[in-house]
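In what follows, a structure is listed as structure tokens, so that the remarks can point back to it.
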Amino acid sequence: MASACLAAHQLSNAPRYLDVALDLAAIVERGYADPLGGYYDVAAPPAPASPAPRAHAVRPTGQLPVSQAALGDRTKHVFDDVLPGANAATALLLAQLAQVTGDPSYRRRAQATLEAFAGSMDGAGVRGATFLAAARQTLGKP
């Protein structure tokens with residue numbers, strides 16, 4: 001969605017599309033970013049609130065809260081499949097935002113995302129197409 005908004009901004013020069021793309025990029029950064037690089041496929045679970053103690057609501061040890069049990073493990077995808085790899089597409093978006101806004105922090109985030117997956121790209125073949133496009137955009141190569 002953010003990429004579509006950025007493309008709409010580039011075609012129409014309407015600032016509202018850029019604003020939406022920036023807002024969506026901020027949401028991804030806040031909720032999905034991994035401090036070690038890249039982005040998870042689901043948002044981070046909200047910080048646990050301190051619920052009021054309930055006498056009969058005892059959860060067995062080791063059982064996940066319902067919200068986490070339903071989501072399972074958070075993963076980070078980079079390879080293209082039916083859709084472009086999520087992390088590669090995010091890096092491409094960040095590189096494009098850096099170019100459009102002139103804000104170098106987007107390029108740094110794109111580069112950190114690419115670096116997080118660079119070691120796993122050997123032999124990716126066609127499944128690495130979006131990653132390579134993001135690398136080319138991030139490095140500023142035509």
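Lettering and numbering for the structure tokens are positional, with chains as A, B, ... in the shown order, residues counted from 1 in each chain, and ligands counted from 1 in the shown order.
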
**Message:** Excluding Val42 of chain A and its own-chain neighbours fewer than 3 positions away, which residues fall within 10 Å of it when counting only C-alpha atoms? Please give them as a list in words.
**Reply:** Val28, Gly31, Tyr32, Ala33, Tyr39, Pro45, Leu71, Gly72, Asp73, Arg74, Thr75 and Lys76 of chain A

**Request:** Can you work out the spacing between atom CA of Leu132 of chain A and atom CA of Arg30 of chain A in Å, to one decimal?
**Result:** 25.2 Å

**Request:** With a distance cut-off of 12 Å and only C-alpha atoms, select the neighbouring residues of Ala118 of chain A, excluding the residue or stretch itself and same-chain residues fewer than 3 positions from it, and output the selection as a PyMOL selection string.
**Result:** chain A and resi 37-38+78-79+87-88+111-115+121-124+128+131-132+134-135

Selection to disk with all heavy atoms, as a short mmCIF file (atom, residue, chain, number, x, y, z; two decimals), in the first residue's frame:
```cif
data_model
loop_
_atom_site.label_atom_id
_atom_site.label_comp_id
_atom_site.auth_asym_id
_atom_site.auth_seq_id
_atom_site.Cartn_x
_atom_site.Cartn_y
_atom_site.Cartn_z
N GLY A 37 17.83 -6.10 12.50
CA GLY A 37 17.72 -5.88 11.06
C GLY A 37 16.53 -6.60 10.47
O GLY A 37 16.19 -7.70 10.89
N GLY A 38 15.90 -5.97 9.52
CA GLY A 38 14.75 -6.56 8.86
C GLY A 38 13.46 -6.30 9.63
O GLY A 38 13.44 -5.59 10.64
N VAL A 78 12.23 -12.76 3.03
CA VAL A 78 12.96 -11.92 2.08
C VAL A 78 12.82 -12.42 0.65
O VAL A 78 12.86 -11.64 -0.29
CB VAL A 78 14.44 -11.77 2.48
CG1 VAL A 78 15.18 -13.08 2.30
CG2 VAL A 78 15.11 -10.65 1.72
N PHE A 79 12.65 -13.73 0.47
CA PHE A 79 12.60 -14.30 -0.88
C PHE A 79 11.25 -14.05 -1.54
O PHE A 79 10.21 -14.12 -0.90
CB PHE A 79 12.86 -15.81 -0.84
CG PHE A 79 14.24 -16.16 -0.39
CD1 PHE A 79 14.44 -16.81 0.81
CD2 PHE A 79 15.35 -15.83 -1.16
CE1 PHE A 79 15.71 -17.13 1.24
CE2 PHE A 79 16.62 -16.14 -0.74
CZ PHE A 79 16.81 -16.80 0.47
N ASN A 87 10.58 -8.36 3.23
CA ASN A 87 11.71 -7.53 3.62
C ASN A 87 12.38 -6.87 2.43
O ASN A 87 12.80 -5.73 2.50
CB ASN A 87 12.71 -8.35 4.43
CG ASN A 87 12.33 -8.38 5.89
OD1 ASN A 87 12.58 -7.44 6.62
ND2 ASN A 87 11.68 -9.46 6.31
N ALA A 88 12.46 -7.58 1.31
CA ALA A 88 13.03 -6.98 0.11
C ALA A 88 12.15 -5.83 -0.37
O ALA A 88 12.66 -4.76 -0.75
CB ALA A 88 13.18 -8.04 -0.97
N GLN A 111 19.40 -0.12 3.87
CA GLN A 111 20.68 -0.81 3.85
C GLN A 111 20.78 -1.83 4.99
O GLN A 111 21.23 -2.95 4.78
CB GLN A 111 21.82 0.19 3.94
CG GLN A 111 23.18 -0.44 3.76
CD GLN A 111 24.27 0.59 3.59
OE1 GLN A 111 24.02 1.78 3.45
NE2 GLN A 111 25.50 0.14 3.60
N ALA A 112 20.31 -1.46 6.18
CA ALA A 112 20.34 -2.40 7.31
C ALA A 112 19.46 -3.62 7.04
O ALA A 112 19.83 -4.75 7.40
CB ALA A 112 19.89 -1.69 8.59
N THR A 113 18.35 -3.41 6.38
CA THR A 113 17.47 -4.52 6.03
C THR A 113 18.15 -5.45 5.03
O THR A 113 18.14 -6.67 5.19
CB THR A 113 16.14 -4.00 5.45
OG1 THR A 113 15.51 -3.17 6.44
CG2 THR A 113 15.20 -5.13 5.09
N LEU A 114 18.77 -4.88 4.03
CA LEU A 114 19.47 -5.69 3.03
C LEU A 114 20.65 -6.44 3.65
O LEU A 114 20.88 -7.62 3.35
CB LEU A 114 19.96 -4.80 1.88
CG LEU A 114 18.85 -4.18 1.04
CD1 LEU A 114 19.43 -3.15 0.08
CD2 LEU A 114 18.06 -5.23 0.29
N GLU A 115 21.38 -5.78 4.53
CA GLU A 115 22.52 -6.43 5.18
C GLU A 115 22.09 -7.61 6.05
O GLU A 115 22.81 -8.59 6.16
CB GLU A 115 23.31 -5.41 6.00
CG GLU A 115 24.09 -4.44 5.14
CD GLU A 115 24.73 -3.31 5.93
OE1 GLU A 115 24.51 -3.22 7.17
OE2 GLU A 115 25.45 -2.50 5.32
N MET A 121 21.25 -14.86 0.46
CA MET A 121 20.83 -14.65 -0.92
C MET A 121 21.58 -15.50 -1.93
O MET A 121 21.14 -15.64 -3.06
CB MET A 121 20.97 -13.17 -1.30
CG MET A 121 20.05 -12.25 -0.51
SD MET A 121 18.32 -12.77 -0.46
CE MET A 121 17.86 -12.61 -2.14
N ASP A 122 22.70 -16.11 -1.53
CA ASP A 122 23.48 -16.93 -2.45
C ASP A 122 22.61 -18.08 -2.98
O ASP A 122 22.04 -18.84 -2.22
CB ASP A 122 24.71 -17.49 -1.74
CG ASP A 122 25.65 -18.20 -2.69
OD1 ASP A 122 25.73 -17.78 -3.84
OD2 ASP A 122 26.29 -19.17 -2.25
N GLY A 123 22.49 -18.16 -4.26
CA GLY A 123 21.69 -19.23 -4.88
C GLY A 123 20.19 -18.96 -4.89
O GLY A 123 19.41 -19.85 -5.20
N ALA A 124 19.77 -17.74 -4.58
CA ALA A 124 18.34 -17.43 -4.53
C ALA A 124 17.72 -17.41 -5.92
O ALA A 124 16.53 -17.62 -6.07
CB ALA A 124 18.09 -16.11 -3.82
N GLY A 128 15.30 -13.89 -5.70
CA GLY A 128 16.00 -12.75 -5.14
C GLY A 128 15.84 -11.49 -5.96
O GLY A 128 16.53 -10.50 -5.72
N PHE A 131 14.98 -8.35 -3.94
CA PHE A 131 16.15 -8.01 -3.12
C PHE A 131 17.18 -7.27 -3.97
O PHE A 131 17.73 -6.25 -3.55
CB PHE A 131 16.76 -9.29 -2.52
CG PHE A 131 17.94 -9.04 -1.63
CD1 PHE A 131 17.78 -8.84 -0.27
CD2 PHE A 131 19.22 -9.02 -2.15
CE1 PHE A 131 18.87 -8.61 0.55
CE2 PHE A 131 20.32 -8.79 -1.33
CZ PHE A 131 20.14 -8.59 0.02
N LEU A 132 17.45 -7.78 -5.17
CA LEU A 132 18.44 -7.15 -6.04
C LEU A 132 17.97 -5.77 -6.50
O LEU A 132 18.78 -4.83 -6.61
CB LEU A 132 18.75 -8.05 -7.23
CG LEU A 132 19.47 -9.35 -6.87
CD1 LEU A 132 19.60 -10.24 -8.09
CD2 LEU A 132 20.82 -9.07 -6.24
N ALA A 134 16.06 -3.81 -4.77
CA ALA A 134 16.21 -2.95 -3.60
C ALA A 134 17.68 -2.57 -3.39
O ALA A 134 17.99 -1.42 -3.05
CB ALA A 134 15.67 -3.65 -2.35
N ALA A 135 18.58 -3.52 -3.61
CA ALA A 135 20.01 -3.24 -3.47
C ALA A 135 20.44 -2.19 -4.50
O ALA A 135 21.18 -1.25 -4.17
CB ALA A 135 20.82 -4.52 -3.61
#
```

**Prompt:** In Å, how far is it from atom CA of Leu94 of chain A to atom CA of Ala25 of chain A?
**Reply:**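 Taking atom CA of Leu94 of chain A and atom CA of Ala25 of chain A, their separation equals 7.8 Å.
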